[in-house]
Amino acid sequence: TAYRHLHYVHRYPPSVGGYETQVRLLAKSLSEFHDVKVITFKLTESPNVEGRGRLEVYRVRPRLVLFRVPFSYGFVKILSKLDFDILHA
């Protein structure tokens, strides 16, 4: 049975780091058998939405960054529109 996975993360490639790479590898691996969506903050000039097969990435521009932690109401809007079975946060 294929599940719909949602990854909720602050940073995702092309942002560089171990956490970012780990989430990308997990999402890519899961997308071989499941539908995977990633919601992250738009911290670079990456596209707002991009998709590769069963993997889709949604980027939301933060309204506020406090102590290097981004915040945005855009996350709530996207979360309310997406249908998922499993949330990874």
# chains A, B, ... in the order shown; residues from 1 in each chain; ligands from 1

$ residues_around --residues "segment 62-77 of chain A" --least-positions-apart "5" --cutoff "8 Å" --atoms "only C-alpha atoms" --output "PyMOL selection string"
chain A and resi 10+39+41-43

$ write_last_selection --atoms "all heavy atoms" --output "JSON list (two decimals), in the first residue's frame"
[["chain", "number", "residue", "atom", "x", "y", "z"],
["A", 10, "HIS", "N", 12.44, 22.97, 8.36],
["A", 10, "HIS", "CA", 12.81, 24.38, 8.21],
["A", 10, "HIS", "C", 13.71, 24.61, 7.01],
["A", 10, "HIS", "O", 13.61, 25.64, 6.35],
["A", 10, "HIS", "CB", 13.52, 24.89, 9.47],
["A", 10, "HIS", "CG", 12.59, 25.10, 10.61],
["A", 10, "HIS", "ND1", 12.97, 24.95, 11.91],
["A", 10, "HIS", "CD2", 11.28, 25.43, 10.65],
["A", 10, "HIS", "CE1", 11.94, 25.19, 12.70],
["A", 10, "HIS", "NE2", 10.91, 25.48, 11.96],
["A", 39, "ILE", "N", 7.41, 20.36, 2.84],
["A", 39, "ILE", "CA", 7.14, 21.78, 3.05],
["A", 39, "ILE", "C", 8.33, 22.34, 3.80],
["A", 39, "ILE", "O", 8.74, 21.83, 4.84],
["A", 39, "ILE", "CB", 5.86, 22.01, 3.86],
["A", 39, "ILE", "CG1", 4.66, 21.46, 3.13],
["A", 39, "ILE", "CG2", 5.68, 23.49, 4.12],
["A", 39, "ILE", "CD1", 3.38, 21.63, 3.91],
["A", 41, "PHE", "N", 10.98, 26.23, 4.22],
["A", 41, "PHE", "CA", 11.05, 27.66, 4.03],
["A", 41, "PHE", "C", 11.88, 27.99, 2.81],
["A", 41, "PHE", "O", 12.84, 27.30, 2.48],
["A", 41, "PHE", "CB", 11.64, 28.35, 5.26],
["A", 41, "PHE", "CG", 10.68, 28.41, 6.40],
["A", 41, "PHE", "CD1", 10.82, 27.57, 7.48],
["A", 41, "PHE", "CD2", 9.63, 29.30, 6.37],
["A", 41, "PHE", "CE1", 9.92, 27.61, 8.52],
["A", 41, "PHE", "CE2", 8.71, 29.36, 7.40],
["A", 41, "PHE", "CZ", 8.86, 28.51, 8.49],
["A", 42, "LYS", "N", 11.51, 29.05, 2.13],
["A", 42, "LYS", "CA", 12.23, 29.53, 0.96],
["A", 42, "LYS", "C", 13.33, 30.46, 1.44],
["A", 42, "LYS", "O", 13.11, 31.65, 1.64],
["A", 42, "LYS", "CB", 11.27, 30.24, 0.01],
["A", 42, "LYS", "CG", 11.91, 30.69, -1.28],
["A", 42, "LYS", "CD", 10.87, 31.33, -2.18],
["A", 42, "LYS", "CE", 11.50, 31.90, -3.41],
["A", 42, "LYS", "NZ", 11.57, 30.97, -4.50],
["A", 43, "LEU", "N", 14.50, 29.90, 1.65],
["A", 43, "LEU", "CA", 15.64, 30.68, 2.16],
["A", 43, "LEU", "C", 16.65, 30.98, 1.07],
["A", 43, "LEU", "O", 17.63, 31.67, 1.30],
["A", 43, "LEU", "CB", 16.31, 29.90, 3.30],
["A", 43, "LEU", "CG", 15.39, 29.58, 4.48],
["A", 43, "LEU", "CD1", 16.10, 28.69, 5.49],
["A", 43, "LEU", "CD2", 14.89, 30.85, 5.14]]

$ closest_residue --among "A:Leu30, A:Ala89, A:Arg59, A:Gly51" --to "Tyr12 of chain A" --atoms "only C-alpha atoms"
A:Arg59

$ residues_around --residues "Leu25 of chain A" --least-positions-apart "4" --cutoff "12 Å" --atoms "only C-alpha atoms" --output "NGL selection string"
:A and (7 or 12-13 or 18-21 or 29-32 or 36 or 38 or 55)

$ residues_around --residues "segment 84-88 of chain A" --least-positions-apart "4" --cutoff "10 Å" --atoms "only C-alpha atoms" --output "list in words"
Ala2, Tyr3, Arg4, His5, Leu6, His7, Tyr8, Val9, Val23, Ala27, Asp35, Val36, Lys37, Val38 and Leu79 of chain A

$ select_by_dssp --residues "segment 48-78 of chain A" --states "strand (DSSP E or B)" --output "list in words"
Val49, Glu50, Gly51, Arg52, Leu55, Glu56, Val57, Tyr58, Arg59, Val60, Leu64, Val65, Leu66, Val69, Pro70 and Phe71 of chain A

$ atom_distance --atom1 "atom CA of Glu56 of chain A" --atom2 "atom CA of Leu26 of chain A"
13.2 Å

$ atom_distance --atom1 "atom CA of Val16 of chain A" --atom2 "atom CA of Ser80 of chain A"
28.3 Å

$ select_by_dssp --residues "segment 16-86 of chain A" --states "helix (DSSP H, G or I)" --output "list in words"
Gly18, Tyr19, Glu20, Thr21, Gln22, Val23, Arg24, Leu25, Leu26, Ala27, Lys28, Ser29, Leu30, Gly74, Phe75, Val76, Lys77, Ile78, Leu79, Ser80 and Lys81 of chain A

$ closest_residue --among "A:Pro14, A:Lys81, A:Arg24, A:Val57" --to "Thr44 of chain A" --atoms "only C-alpha atoms"
A:Pro14

$ atom_distance --atom1 "atom CA of Arg52 of chain A" --atom2 "atom CA of Gly17 of chain A"
21.3 Å

$ decode --residues "segment 1-76 of chain A" --atoms "C-alpha atoms" --output "mmCIF file, in the first residue's frame"
data_model
loop_
_atom_site.group_PDB
_atom_site.id
_atom_site.type_symbol
_atom_site.label_atom_id
_atom_site.label_comp_id
_atom_site.auth_asym_id
_atom_site.auth_seq_id
_atom_site.Cartn_x
_atom_site.Cartn_y
_atom_site.Cartn_z
ATOM 1 C CA THR A 1 0.000 0.000 0.000
ATOM 2 C CA ALA A 2 1.344 3.412 -0.966
ATOM 3 C CA TYR A 3 1.137 6.121 1.672
ATOM 4 C CA ARG A 4 1.169 9.898 1.369
ATOM 5 C CA HIS A 5 4.102 11.268 3.362
ATOM 6 C CA LEU A 6 4.560 14.896 4.347
ATOM 7 C CA HIS A 7 7.919 16.202 5.577
ATOM 8 C CA TYR A 8 7.727 19.480 7.514
ATOM 9 C CA VAL A 9 11.245 20.940 7.759
ATOM 10 C CA HIS A 10 12.814 24.382 8.212
ATOM 11 C CA ARG A 11 15.560 23.843 5.653
ATOM 12 C CA TYR A 12 15.876 21.665 2.570
ATOM 13 C CA PRO A 13 18.357 21.603 -0.327
ATOM 14 C CA PRO A 14 19.742 23.644 -1.925
ATOM 15 C CA SER A 15 20.412 24.781 1.667
ATOM 16 C CA VAL A 16 23.552 22.947 2.753
ATOM 17 C CA GLY A 17 23.904 20.804 5.857
ATOM 18 C CA GLY A 18 23.649 17.322 7.302
ATOM 19 C CA TYR A 19 20.012 17.700 8.344
ATOM 20 C CA GLU A 20 19.045 18.989 4.902
ATOM 21 C CA THR A 21 20.839 16.122 3.178
ATOM 22 C CA GLN A 22 19.289 13.511 5.471
ATOM 23 C CA VAL A 23 15.743 14.743 4.813
ATOM 24 C CA ARG A 24 16.400 14.881 1.047
ATOM 25 C CA LEU A 25 17.720 11.312 1.016
ATOM 26 C CA LEU A 26 14.772 10.050 3.088
ATOM 27 C CA ALA A 27 12.206 11.839 0.912
ATOM 28 C CA LYS A 28 13.863 10.634 -2.294
ATOM 29 C CA SER A 29 13.996 7.048 -1.038
ATOM 30 C CA LEU A 30 10.371 7.054 0.132
ATOM 31 C CA SER A 31 9.222 8.558 -3.169
ATOM 32 C CA GLU A 32 10.240 5.377 -4.987
ATOM 33 C CA PHE A 33 7.155 3.682 -3.494
ATOM 34 C CA HIS A 34 5.033 6.461 -1.951
ATOM 35 C CA ASP A 35 3.802 9.980 -2.688
ATOM 36 C CA VAL A 36 6.023 12.416 -0.798
ATOM 37 C CA LYS A 37 5.604 16.138 -0.201
ATOM 38 C CA VAL A 38 8.096 18.407 1.558
ATOM 39 C CA ILE A 39 7.140 21.777 3.046
ATOM 40 C CA THR A 40 10.083 24.023 3.850
ATOM 41 C CA PHE A 41 11.051 27.662 4.028
ATOM 42 C CA LYS A 42 12.230 29.528 0.958
ATOM 43 C CA LEU A 43 15.643 30.675 2.159
ATOM 44 C CA THR A 44 17.294 30.702 -1.282
ATOM 45 C CA GLU A 45 16.170 31.644 -4.780
ATOM 46 C CA SER A 46 14.735 28.171 -5.383
ATOM 47 C CA PRO A 47 11.318 27.766 -7.034
ATOM 48 C CA ASN A 48 8.222 27.953 -4.808
ATOM 49 C CA VAL A 49 7.061 24.528 -5.998
ATOM 50 C CA GLU A 50 9.028 21.811 -7.703
ATOM 51 C CA GLY A 51 8.333 18.193 -8.430
ATOM 52 C CA ARG A 52 10.288 15.135 -9.471
ATOM 53 C CA GLY A 53 8.138 12.080 -10.001
ATOM 54 C CA ARG A 54 6.316 11.294 -6.769
ATOM 55 C CA LEU A 55 8.297 13.911 -4.792
ATOM 56 C CA GLU A 56 7.013 17.498 -4.536
ATOM 57 C CA VAL A 57 8.679 20.345 -2.648
ATOM 58 C CA TYR A 58 6.762 23.442 -1.496
ATOM 59 C CA ARG A 59 8.740 26.459 -0.310
ATOM 60 C CA VAL A 60 7.211 29.288 1.751
ATOM 61 C CA ARG A 61 8.966 32.596 2.310
ATOM 62 C CA PRO A 62 9.319 33.267 6.060
ATOM 63 C CA ARG A 63 7.697 36.400 7.481
ATOM 64 C CA LEU A 64 10.015 36.498 10.474
ATOM 65 C CA VAL A 65 13.356 34.934 11.409
ATOM 66 C CA LEU A 66 14.048 34.886 15.124
ATOM 67 C CA PHE A 67 17.256 33.332 16.485
ATOM 68 C CA ARG A 68 17.813 31.703 13.050
ATOM 69 C CA VAL A 69 14.361 30.036 13.220
ATOM 70 C CA PRO A 70 11.990 31.060 10.395
ATOM 71 C CA PHE A 71 8.253 31.598 10.959
ATOM 72 C CA SER A 72 5.384 31.938 8.461
ATOM 73 C CA TYR A 73 1.615 31.629 8.288
ATOM 74 C CA GLY A 74 2.075 30.244 4.764
ATOM 75 C CA PHE A 75 2.851 26.862 6.294
ATOM 76 C CA VAL A 76 -0.633 26.708 7.794
#
